[in-house]
>>> print(open('start20.cif').read())   # mmCIF, C-alpha atoms (C1' of nucleotides) and all ligand atoms
data_work
#
loop_
_atom_site.label_atom_id
_atom_site.label_comp_id
_atom_site.auth_asym_id
_atom_site.auth_seq_id
_atom_site.Cartn_x
_atom_site.Cartn_y
_atom_site.Cartn_z
CA MET S 119 0.00 0.00 0.00
CA VAL S 120 1.34 3.41 -0.99
CA PRO S 121 1.16 5.80 1.93
CA THR S 122 -0.62 9.05 1.17
CA ALA S 123 1.77 11.94 0.69
CA GLN S 124 2.71 13.63 3.95
CA MET S 125 0.67 16.75 4.56
CA THR S 126 2.73 19.91 4.98
CA SER S 127 2.90 21.58 8.34
CA GLU S 128 1.03 24.52 6.84
CA ALA S 129 -1.78 22.37 5.53
CA LEU S 130 -2.10 20.71 8.92
CA SER S 131 -2.22 24.12 10.61
CA GLN S 132 -4.90 25.23 8.17
CA LYS S 133 -7.02 22.16 8.81
CA LEU S 134 -6.75 22.69 12.55
CA ALA S 135 -7.51 26.41 12.18
CA ASP S 136 -10.63 25.57 10.18
CA SER S 137 -11.92 23.94 13.36
CA GLY S 138 -10.70 26.77 15.59
CA LEU S 139 -7.69 24.82 16.81
CA ARG S 140 -4.00 25.71 16.89
CA ASN S 141 -1.16 23.66 15.56
CA THR S 142 1.36 22.45 18.13
CA PRO S 143 4.47 20.29 18.01
CA GLN S 144 2.53 17.54 19.82
CA ARG S 145 -0.29 17.54 17.30
CA GLU S 146 2.13 17.59 14.39
CA ILE S 147 4.20 14.71 15.64
CA ILE S 148 1.16 12.61 16.48
CA TYR S 149 -0.29 13.18 13.05
CA SER S 150 3.01 12.22 11.44
CA ILE S 151 3.10 9.03 13.52
CA LEU S 152 -0.36 8.06 12.30
CA THR S 153 0.54 8.60 8.66
CA LYS S 154 3.93 6.95 8.95
CA LYS S 155 2.67 3.54 10.03
CA ARG S 156 -0.94 2.97 9.11
CA ASP S 157 -1.73 0.13 11.42
CA HIS S 158 -4.61 1.77 13.29
CA PRO S 159 -2.73 2.19 16.56
CA THR S 160 -4.42 2.72 19.90
CA ALA S 161 -3.84 5.83 22.00
CA ASP S 162 -1.41 3.84 24.11
CA GLU S 163 0.53 2.71 21.07
CA VAL S 164 0.68 6.26 19.76
CA PHE S 165 1.90 7.30 23.20
CA ALA S 166 4.72 4.76 23.08
CA ARG S 167 5.76 5.86 19.58
CA VAL S 168 5.68 9.57 20.23
CA LYS S 169 7.63 9.22 23.47
CA ALA S 170 10.60 8.01 21.44
CA GLU S 171 10.76 11.40 19.73
CA MET S 172 9.28 13.60 22.47
CA PRO S 173 9.95 11.96 25.82
CA THR S 174 8.14 14.56 27.91
CA ILE S 175 4.73 14.15 26.29
CA SER S 176 1.91 12.89 28.49
CA LEU S 177 -0.77 10.31 27.76
CA ALA S 178 -3.44 12.93 28.41
CA THR S 179 -1.93 15.05 25.65
CA VAL S 180 -1.99 12.11 23.28
CA TYR S 181 -5.71 11.71 23.94
CA ASN S 182 -6.22 15.46 23.57
CA CYS S 183 -4.28 15.64 20.30
CA LEU S 184 -6.03 12.62 18.81
CA GLU S 185 -9.34 14.27 19.68
CA ALA S 186 -8.19 17.46 17.97
CA LEU S 187 -7.18 15.55 14.84
CA VAL S 188 -10.51 13.75 14.78
CA GLN S 189 -12.33 17.04 15.29
CA CYS S 190 -10.70 18.63 12.25
CA ASN S 191 -11.33 15.51 10.14
CA LEU S 192 -7.74 14.49 9.61
CA VAL S 193 -8.15 11.26 11.53
CA ARG S 194 -10.96 8.75 12.03
CA GLN S 195 -11.74 6.78 15.12
CA VAL S 196 -12.19 3.19 14.07
CA ASN S 197 -14.07 1.95 17.10
CA PHE S 198 -15.73 5.07 18.26
CA GLU S 199 -18.41 3.54 20.43
CA ARG S 200 -16.92 4.34 23.78
CA GLY S 201 -19.92 3.53 25.87
CA PRO S 202 -20.94 0.17 27.19
CA THR S 203 -21.75 -2.74 24.93
CA ARG S 204 -25.44 -3.09 24.01
CA TYR S 205 -27.37 -6.31 23.49
CA CYS S 206 -29.87 -7.18 20.77
CA PRO S 207 -32.03 -10.30 20.43
CA ASN S 208 -32.92 -9.63 16.77
CA LEU S 209 -31.42 -12.53 14.84
CA HIS S 210 -32.25 -11.27 11.36
CA PRO S 211 -29.34 -9.69 9.53
CA HIS S 212 -29.70 -6.00 10.25
CA ALA S 213 -27.81 -2.78 10.80
CA HIS S 214 -27.99 -0.33 13.67
CA PHE S 215 -28.77 3.35 13.75
CA HIS S 216 -27.36 5.22 16.70
CA ASP S 217 -29.16 8.49 17.40
CA GLU S 218 -26.49 10.83 18.70
CA THR S 219 -29.08 13.22 20.11
CA THR S 220 -30.96 10.75 22.27
CA GLY S 221 -28.41 7.95 22.58
CA SER S 222 -30.99 5.43 21.37
CA THR S 223 -30.08 2.57 19.07
CA TYR S 224 -32.52 1.30 16.46
CA ASP S 225 -32.59 -1.77 14.25
CA ILE S 226 -32.39 -1.08 10.51
CA ASP S 227 -33.55 -3.79 8.15
CA LEU S 228 -31.26 -4.50 5.24
CA PRO S 229 -32.13 -5.73 1.74
CA PRO S 230 -31.70 -9.50 1.64
CA GLY S 231 -28.25 -10.55 0.57
CA LEU S 232 -26.65 -7.18 1.18
CA LEU S 233 -24.29 -8.43 3.87
CA GLU S 234 -23.19 -11.37 1.72
CA GLN S 235 -22.73 -8.99 -1.20
CA LEU S 236 -20.49 -6.82 0.94
CA LYS S 237 -18.48 -9.81 2.11
CA SER S 238 -18.03 -10.95 -1.48
CA GLN S 239 -16.27 -7.68 -2.30
CA LEU S 240 -13.45 -8.32 0.14
CA PRO S 241 -10.00 -8.85 -1.39
CA VAL S 242 -8.90 -12.43 -1.94
CA GLY S 243 -7.86 -14.11 1.28
CA TYR S 244 -10.13 -12.14 3.56
CA GLN S 245 -12.74 -14.40 5.14
CA ALA S 246 -15.33 -12.42 7.10
CA SER S 247 -17.50 -14.27 9.57
CA ASP S 248 -19.36 -11.13 10.44
CA VAL S 249 -20.15 -7.66 9.14
CA GLU S 250 -21.28 -4.85 11.38
CA ILE S 251 -22.94 -1.77 9.89
CA THR S 252 -23.62 1.17 12.15
CA PHE S 253 -25.19 4.45 11.10
CA ARG S 254 -24.74 7.45 13.32
CA GLY S 255 -26.86 10.57 13.11
CA HIS S 256 -30.21 11.98 14.02
CA ALA S 257 -33.62 10.32 13.77
CA ALA S 258 -36.62 12.60 13.35
CA SER S 259 -38.95 12.56 16.34
CA MET L 283 -42.41 -3.04 15.43
CA VAL L 284 -43.86 -6.46 16.16
CA PRO L 285 -41.76 -8.27 18.74
CA THR L 286 -40.66 -11.72 17.72
CA ALA L 287 -42.64 -14.48 19.41
CA GLN L 288 -41.19 -15.42 22.78
CA MET L 289 -39.05 -18.52 22.57
CA THR L 290 -40.16 -21.39 24.75
CA SER L 291 -38.08 -22.38 27.72
CA GLU L 292 -37.38 -25.69 26.00
CA ALA L 293 -36.16 -24.01 22.82
CA LEU L 294 -33.90 -21.78 24.88
CA SER L 295 -32.53 -24.80 26.72
CA GLN L 296 -31.90 -26.53 23.42
CA LYS L 297 -30.03 -23.54 21.98
CA LEU L 298 -27.89 -23.35 25.09
CA ALA L 299 -27.27 -27.09 25.03
CA ASP L 300 -26.14 -26.86 21.41
CA SER L 301 -23.26 -24.77 22.72
CA GLY L 302 -22.62 -27.03 25.70
CA LEU L 303 -24.34 -24.71 28.16
CA ARG L 304 -27.11 -25.32 30.69
CA ASN L 305 -30.25 -23.36 31.07
CA THR L 306 -30.69 -21.51 34.36
CA PRO L 307 -33.33 -19.19 35.82
CA GLN L 308 -30.90 -16.30 35.45
CA ARG L 309 -30.25 -16.97 31.75
CA GLU L 310 -33.95 -17.40 31.09
CA ILE L 311 -34.99 -14.18 32.78
CA ILE L 312 -32.23 -12.18 31.12
CA TYR L 313 -33.23 -13.49 27.72
CA SER L 314 -36.86 -12.61 28.39
CA ILE L 315 -35.85 -9.10 29.41
CA LEU L 316 -34.01 -8.63 26.14
CA THR L 317 -36.95 -9.79 24.06
CA LYS L 318 -39.54 -7.87 26.10
CA LYS L 319 -38.11 -4.42 25.47
CA ARG L 320 -35.92 -4.29 22.39
CA ASP L 321 -34.06 -1.12 23.11
CA HIS L 322 -30.53 -2.55 23.03
CA PRO L 323 -29.92 -2.22 26.76
CA THR L 324 -26.48 -2.22 28.33
CA ALA L 325 -25.39 -4.82 30.87
CA ASP L 326 -26.09 -2.30 33.62
CA GLU L 327 -29.60 -1.66 32.31
CA VAL L 328 -30.26 -5.39 32.10
CA PHE L 329 -28.99 -5.67 35.66
CA ALA L 330 -31.44 -3.00 36.85
CA ARG L 331 -34.37 -4.68 35.07
CA VAL L 332 -33.63 -8.20 36.21
CA LYS L 333 -33.14 -7.11 39.82
CA ALA L 334 -36.82 -6.12 39.92
CA GLU L 335 -37.75 -9.77 39.37
CA MET L 336 -34.72 -11.47 40.90
CA PRO L 337 -33.27 -9.17 43.56
CA THR L 338 -30.39 -11.45 44.52
CA ILE L 339 -28.78 -11.58 41.08
CA SER L 340 -25.30 -10.12 40.72
CA LEU L 341 -23.85 -7.91 37.99
CA ALA L 342 -21.18 -10.52 37.32
CA THR L 343 -23.92 -13.03 36.59
CA VAL L 344 -25.58 -10.61 34.18
CA TYR L 345 -22.30 -10.33 32.27
CA ASN L 346 -21.87 -14.11 32.39
CA CYS L 347 -25.40 -14.79 31.18
CA LEU L 348 -25.19 -12.25 28.37
CA GLU L 349 -21.97 -13.90 27.27
CA ALA L 350 -23.71 -17.28 27.30
CA LEU L 351 -26.60 -15.94 25.19
CA VAL L 352 -24.17 -14.40 22.73
CA GLN L 353 -22.22 -17.64 22.58
CA CYS L 354 -25.27 -19.67 21.62
CA ASN L 355 -26.32 -17.07 19.04
CA LEU L 356 -29.51 -15.93 20.68
CA VAL L 357 -28.22 -12.42 21.26
CA ARG L 358 -25.92 -10.05 19.41
CA GLN L 359 -23.52 -7.57 20.89
CA VAL L 360 -24.06 -4.28 19.13
CA ASN L 361 -20.77 -2.61 20.01
CA PHE L 362 -18.56 -5.57 20.42
CA GLU L 363 -15.23 -3.89 20.10
CA ARG L 364 -14.22 -3.94 23.72
CA GLY L 365 -10.65 -2.91 23.25
CA PRO L 366 -9.28 0.57 22.98
CA THR L 367 -10.25 2.93 20.19
CA ARG L 368 -7.99 2.86 17.13
CA TYR L 369 -7.03 5.76 14.92
CA CYS L 370 -6.85 5.94 11.13
CA PRO L 371 -5.57 8.79 8.92
CA ASN L 372 -7.13 7.38 5.74
CA LEU L 373 -9.69 9.97 4.67
CA HIS L 374 -11.16 8.05 1.75
CA PRO L 375 -14.46 6.36 2.49
CA HIS L 376 -13.50 2.87 3.48
CA ALA L 377 -14.40 -0.06 5.70
CA HIS L 378 -12.29 -1.96 8.20
CA PHE L 379 -11.39 -5.60 8.45
CA HIS L 380 -10.51 -6.82 11.90
CA ASP L 381 -8.48 -10.01 11.90
CA GLU L 382 -9.57 -11.89 14.99
CA THR L 383 -6.52 -14.14 14.87
CA THR L 384 -3.88 -11.44 14.88
CA GLY L 385 -5.83 -8.48 16.22
CA SER L 386 -4.76 -6.40 13.22
CA THR L 387 -7.09 -3.95 11.52
CA TYR L 388 -6.93 -3.34 7.77
CA ASP L 389 -8.45 -0.74 5.50
CA ILE L 390 -10.91 -2.07 2.93
CA ASP L 391 -11.67 0.06 -0.10
CA LEU L 392 -15.31 0.37 -1.00
CA PRO L 393 -16.92 0.89 -4.40
CA PRO L 394 -17.56 4.60 -4.88
CA GLY L 395 -20.99 5.69 -3.72
CA LEU L 396 -21.61 2.59 -1.64
CA LEU L 397 -21.83 4.46 1.65
CA GLU L 398 -24.23 7.02 0.18
CA GLN L 399 -26.25 4.18 -1.31
CA LEU L 400 -26.50 2.59 2.12
CA LYS L 401 -27.53 5.87 3.73
CA SER L 402 -30.22 6.36 1.10
CA GLN L 403 -31.86 3.11 2.19
CA LEU L 404 -32.57 4.38 5.68
CA PRO L 405 -36.23 4.83 6.59
CA VAL L 406 -37.67 8.34 6.22
CA GLY L 407 -36.59 10.63 9.01
CA TYR L 408 -33.25 8.98 9.66
CA GLN L 409 -30.37 11.30 8.79
CA ALA L 410 -27.00 9.57 9.01
CA SER L 411 -23.89 11.69 9.18
CA ASP L 412 -21.70 8.63 9.21
CA VAL L 413 -21.68 4.92 8.38
CA GLU L 414 -19.22 2.49 9.87
CA ILE L 415 -18.67 -0.90 8.27
CA THR L 416 -16.53 -3.43 10.08
CA PHE L 417 -15.75 -6.93 8.88
CA ARG L 418 -14.51 -9.44 11.39
CA GLY L 419 -12.81 -12.67 10.47
CA HIS L 420 -9.56 -14.12 9.30
CA ALA L 421 -7.18 -12.75 6.69
CA ALA L 422 -4.94 -15.25 4.89
CA SER L 423 -1.26 -14.77 5.65
"C1'" DG B 172 4.18 43.91 27.61
"C1'" DT B 173 -0.22 42.50 29.77
"C1'" DG B 174 -4.27 40.04 30.25
"C1'" DA B 175 -7.12 36.51 28.02
"C1'" DT B 176 -7.34 32.17 25.85
"C1'" DA B 177 -5.68 27.65 24.53
"C1'" DA B 178 -2.75 23.66 25.23
"C1'" DT B 179 0.04 20.56 27.99
"C1'" DT B 180 1.04 17.99 31.99
"C1'" DA B 181 0.77 14.77 36.11
"C1'" DG B 182 -2.03 12.57 38.63
"C1'" DA B 183 -6.64 11.46 40.43
"C1'" DA B 184 -11.20 9.89 39.29
"C1'" DT B 185 -14.55 7.24 36.58
"C1'" DA B 186 -16.72 3.47 34.59
"C1'" DA B 187 -17.09 -0.79 31.93
"C1'" DT B 188 -15.49 -5.05 32.17
"C1'" DT B 189 -12.95 -9.03 33.86
"C1'" DC B 190 -10.96 -11.78 37.39
"C1'" DT B 191 -10.79 -14.42 41.76
"C1'" DA B 192 -12.18 -17.26 45.17
"C1'" DA B 193 -15.95 -19.15 47.68
"C1'" DC B 194 -20.31 -21.19 47.55
"C1'" DA B 195 -24.30 -23.64 45.32
"C1'" DA B 196 -26.58 -26.48 41.95
"C1'" DA B 197 -26.63 -30.02 38.65
"C1'" DA B 198 -24.75 -33.92 36.33
"C1'" DT B 199 -22.18 -38.08 36.47
"C1'" DA B 200 -19.81 -42.22 38.28
"C1'" DG B 201 -19.56 -45.88 41.16
"C1'" DC Z 31 -28.46 -43.41 46.39
"C1'" DT Z 32 -23.97 -40.98 47.65
"C1'" DA Z 33 -19.58 -39.15 46.30
"C1'" DT Z 34 -17.19 -36.68 42.93
"C1'" DT Z 35 -16.81 -33.58 39.22
"C1'" DT Z 36 -18.43 -29.97 36.52
"C1'" DT Z 37 -20.93 -25.90 35.80
"C1'" DG Z 38 -22.96 -21.66 37.36
"C1'" DT Z 39 -23.58 -17.82 40.67
"C1'" DT Z 40 -22.02 -14.44 43.76
"C1'" DA Z 41 -19.45 -10.51 46.10
"C1'" DG Z 42 -15.89 -7.99 45.81
"C1'" DA Z 43 -11.32 -6.80 44.08
"C1'" DA Z 44 -8.57 -5.75 40.03
"C1'" DT Z 45 -7.89 -4.01 35.47
"C1'" DT Z 46 -7.92 -0.76 31.92
"C1'" DA Z 47 -9.42 2.77 28.73
"C1'" DT Z 48 -10.78 7.11 29.14
"C1'" DT Z 49 -11.91 11.55 31.24
"C1'" DC Z 50 -11.40 15.06 34.65
"C1'" DT Z 51 -8.91 18.49 37.60
"C1'" DA Z 52 -5.79 21.77 38.76
"C1'" DA Z 53 -1.41 23.68 37.91
"C1'" DT Z 54 1.78 25.24 34.50
"C1'" DT Z 55 3.16 26.84 29.97
"C1'" DA Z 56 2.51 28.74 25.33
"C1'" DT Z 57 0.18 31.65 22.21
"C1'" DC Z 58 -2.78 35.40 20.86
"C1'" DA Z 59 -5.04 40.08 20.83
"C1'" DC Z 60 -4.57 44.47 22.16
MN MN S 501 -18.20 -1.62 23.69
MN MN S 502 -13.56 1.85 21.53
ZN ZN S 503 -30.37 -4.86 16.79
ZN ZN S 504 -8.80 2.88 8.23
#
>>> encode(input="start20.cif", output="structure tokens")
Amino acid sequence: MVPTAQMTSEALSQKLADSGLRNTPQREIIYSILTKKRDHPTADEVFARVKAEMPTISLATVYNCLEALVQCNLVRQVNFERGPTRYCPNLHPHAHFHDETTGSTYDIDLPPGLLEQLKSQLPVGYQASDVEITFRGHAAS
Amino acid sequence: MVPTAQMTSEALSQKLADSGLRNTPQREIIYSILTKKRDHPTADEVFARVKAEMPTISLATVYNCLEALVQCNLVRQVNFERGPTRYCPNLHPHAHFHDETTGSTYDIDLPPGLLEQLKSQLPVGYQASDVEITFRGHAAS
DNA sequence: GTGATAATTAGAATAATTCTAACAAAATAG
DNA sequence: CTATTTTGTTAGAATTATTCTAATTATCAC
């Protein structure tokens, strides 16, 4: 996989500014760590990597910087459901809609075969036993 | 939404037995609570509801029973990523493949427009700002 | 420069989940 | 049957990811 070209410091600053945030050495180095090795690291892993270059950084700052990068849409959280696990007795293949206003989670029926169709588009060698689809947004009252 | 017909105690026992598990009053009551009100409750919420009928039950048992029901495929975990959040600098719309053997997470490219197509299938009144697709399985070495 | 605002830091607090060890119930063997 | 083993429940402690707090530092606006 070809890594995406490194964003310039100025472009990073601009992206942060667009969200009312400043650029800082911590944010810059954390962003460069994420682009350097695209293995979806955890906050702790980022912490370990950044400490090698900036030994005084704190874990709280890593969390803060990652939040800033997510806020200005330079970084995605892969598992962004931070709350407790929820349980569903609906055995039909279905997706979930998470209403960010109310916190409620609703079942969403899917066209038959859609999950299998998605699985069939995986690259050769990828065997998925499960597919999870989660929508996040707002459901009209 | 029409709730699915309540499973008989015998059918529940059979499903549990298929996975080498026994039926117990705790497992039965927790399963009935999940089917009674299908609002994707958390373990804590299940705990609160079951205590009304079985005041001596413990939270650990609620977690244990939910795990048993998930194991025998009567219940789904909606947010089953229990580990730490992971971070991804890939801004293209894409899905993730989580290799359960190695714990690695890979980017999966999606056909253009697929996410929008999925969003457009939501019932009227549901406005999704985001869709997350996660495959779980095994990737060939 | 000076005060206001934003960011970083260390450490404490929180909260979901898991673990441990003891007890109880159910199945199995003799 | 009765003993033994296995499975399940329980209370409470431990773990762990994340968030909060309060103090310090850096940047910005004037
Ligand atoms: Mn979860
Ligand atoms: Mn997470
Ligand atoms: Zn559901
Ligand atoms: Zn990704």
>>> closest_residue(input="start20.cif", among="B:DT185, B:DT179, B:DT173, B:DT199", to="Tyr181 of chain S", atoms="all atoms listed in the file")
B:DT179
>>> residues_around(input="start20.cif", residues="DT189 of chain B", least_positions_apart="3", cutoff="10 Å", atoms="only C-alpha atoms (C1' of nucleotides)", output="JSON, numbers by chain")
{"L": [342, 345], "Z": [44, 45, 46]}
>>> closest_atom_pairs(input="start20.cif", of="chain L", to="chain S", cutoff="6 Å", atoms="all atoms listed in the file", output="CSV")
residue,atom,partner,partner_atom,distance
L:His322,CA,S:Tyr205,CA,4.9
L:Pro323,CA,S:Arg204,CA,5.3
L:Thr324,CA,S:Arg204,CA,4.5
L:Val357,CA,S:Pro207,CA,4.4
L:Arg358,CA,S:Cys206,CA,5.1
L:Gln359,CA,S:Tyr205,CA,4.8
L:Val360,CA,S:Arg204,CA,5.2
L:Asn361,CA,S:Thr203,CA,5.0
L:Thr367,CA,S:Asn197,CA,5.0
L:Arg368,CA,S:Thr160,CA,4.5
L:Tyr369,CA,S:Gln195,CA,4.8
L:Cys370,CA,S:Arg194,CA,5.1
L:Pro371,CA,S:Val193,CA,4.4
L:Gly407,CA,S:Ala258,CA,4.8
L:Tyr408,CA,S:Ala257,CA,4.3
L:Gln409,CA,S:His256,CA,5.3
L:Ala410,CA,S:Gly255,CA,4.2
L:Ser411,CA,S:Gly255,CA,5.1
L:Asp412,CA,S:Arg254,CA,5.2
L:Val413,CA,S:Phe253,CA,4.5
L:Glu414,CA,S:Thr252,CA,5.1
L:Ile415,CA,S:Ile251,CA,4.6
L:Thr416,CA,S:Glu250,CA,5.1
L:Phe417,CA,S:Val249,CA,4.5
L:Arg418,CA,S:Asp248,CA,5.2
L:Gly419,CA,S:Ala246,CA,4.2
L:His420,CA,S:Gln245,CA,5.2
L:Ala421,CA,S:Tyr244,CA,4.3
L:Ala422,CA,S:Gly243,CA,4.8
>>> interface_residues(input="start20.cif", of="chain B", to="chain S", cutoff="9 Å", atoms="all atoms listed in the file", output="ChimeraX atom specification")
/B:177-181,187
>>> axis_aligned_box(input="start20.cif", around="segment 289-302 of chain L", padding_each_side="6 Å", output="JSON")
{"center_x": -31.4, "center_y": -22.8, "center_z": 24.6, "size_x": 29.5, "size_y": 20.6, "size_z": 18.3}
>>> closest_residue(input="start20.cif", among="Z:DA53, Z:DT36, Z:DC31, Z:DA47", to="chain L", atoms="all atoms listed in the file")
Z:DA47
>>> residues_around(input="start20.cif", residues="DT51 of chain Z", least_positions_apart="3", cutoff="10 Å", atoms="all atoms listed in the file", output="list in words")
DG182, DA183 and DA184 of chain B
>>> atom_distance(input="start20.cif", atom1="atom C1' of DA196 of chain B", atom2="atom CA of Ala334 of chain L")
22.9 Å
>>> interface_residues(input="start20.cif", of="chain Z", to="chain L", cutoff="8 Å", atoms="all atoms listed in the file", output="PDB file with C-alpha atoms (C1' of nucleotides), in the coordinates of the input")
ATOM      1  C1'  DT Z  39     -23.580 -17.820  40.670  1.00  0.00           C
ATOM      2  C1'  DT Z  40     -22.020 -14.440  43.760  1.00  0.00           C
ATOM      3  C1'  DA Z  41     -19.450 -10.510  46.100  1.00  0.00           C
ATOM      4  C1'  DA Z  47      -9.420   2.770  28.730  1.00  0.00           C
TER       5       DA Z  47
END
>>> atom_distance(input="start20.cif", atom1="atom CA of Gln296 of chain L", atom2="atom CA of Ile311 of chain L")
15.8 Å
>>> atom_distance(input="start20.cif", atom1="atom CA of Ala166 of chain S", atom2="atom CA of Thr126 of chain S")
23.7 Å
>>> build_atoms(input="start20.cif", residues="segment 348-355 of chain L", atoms="all heavy atoms", output="tab-separated table (two decimals), in the coordinates of the input")
chain	number	residue	atom	x	y	z
L	348	LEU	N	-25.19	-12.89	29.69
L	348	LEU	CA	-25.19	-12.25	28.37
L	348	LEU	C	-24.15	-12.91	27.48
L	348	LEU	O	-24.40	-13.18	26.30
L	348	LEU	CB	-24.91	-10.74	28.51
L	348	LEU	CG	-26.06	-9.91	29.10
L	348	LEU	CD1	-25.60	-8.50	29.41
L	348	LEU	CD2	-27.25	-9.88	28.14
L	349	GLU	N	-23.01	-13.21	28.05
L	349	GLU	CA	-21.97	-13.90	27.27
L	349	GLU	C	-22.46	-15.27	26.81
L	349	GLU	O	-22.21	-15.67	25.67
L	349	GLU	CB	-20.70	-14.02	28.12
L	349	GLU	CG	-19.49	-14.45	27.32
L	349	GLU	CD	-18.29	-14.76	28.21
L	349	GLU	OE1	-18.40	-14.58	29.44
L	349	GLU	OE2	-17.26	-15.20	27.67
L	350	ALA	N	-23.17	-15.97	27.68
L	350	ALA	CA	-23.71	-17.28	27.30
L	350	ALA	C	-24.71	-17.13	26.16
L	350	ALA	O	-24.70	-17.92	25.21
L	350	ALA	CB	-24.36	-17.94	28.52
L	351	LEU	N	-25.58	-16.13	26.23
L	351	LEU	CA	-26.60	-15.94	25.19
L	351	LEU	C	-25.96	-15.52	23.87
L	351	LEU	O	-26.45	-15.89	22.80
L	351	LEU	CB	-27.63	-14.90	25.66
L	351	LEU	CG	-28.51	-15.33	26.84
L	351	LEU	CD1	-29.31	-14.16	27.38
L	351	LEU	CD2	-29.43	-16.48	26.42
L	352	VAL	N	-24.88	-14.77	23.95
L	352	VAL	CA	-24.17	-14.40	22.73
L	352	VAL	C	-23.50	-15.64	22.14
L	352	VAL	O	-23.55	-15.88	20.93
L	352	VAL	CB	-23.13	-13.29	23.01
L	352	VAL	CG1	-22.19	-13.11	21.82
L	352	VAL	CG2	-23.84	-11.98	23.33
L	353	GLN	N	-22.92	-16.45	23.02
L	353	GLN	CA	-22.22	-17.64	22.58
L	353	GLN	C	-23.13	-18.61	21.84
L	353	GLN	O	-22.72	-19.24	20.87
L	353	GLN	CB	-21.62	-18.36	23.79
L	353	GLN	CG	-20.51	-19.30	23.42
L	353	GLN	CD	-19.30	-19.05	24.30
L	353	GLN	OE1	-19.27	-19.45	25.44
L	353	GLN	NE2	-18.30	-18.35	23.76
L	354	CYS	N	-24.36	-18.72	22.28
L	354	CYS	CA	-25.27	-19.67	21.62
L	354	CYS	C	-26.12	-18.97	20.56
L	354	CYS	O	-27.14	-19.51	20.12
L	354	CYS	CB	-26.12	-20.41	22.64
L	354	CYS	SG	-27.40	-19.44	23.40
L	355	ASN	N	-25.71	-17.78	20.16
L	355	ASN	CA	-26.32	-17.07	19.04
L	355	ASN	C	-27.79	-16.72	19.23
L	355	ASN	O	-28.56	-16.70	18.28
L	355	ASN	CB	-26.16	-17.88	17.74
L	355	ASN	CG	-24.72	-17.93	17.29
L	355	ASN	OD1	-24.08	-16.89	17.18
L	355	ASN	ND2	-24.21	-19.12	17.06
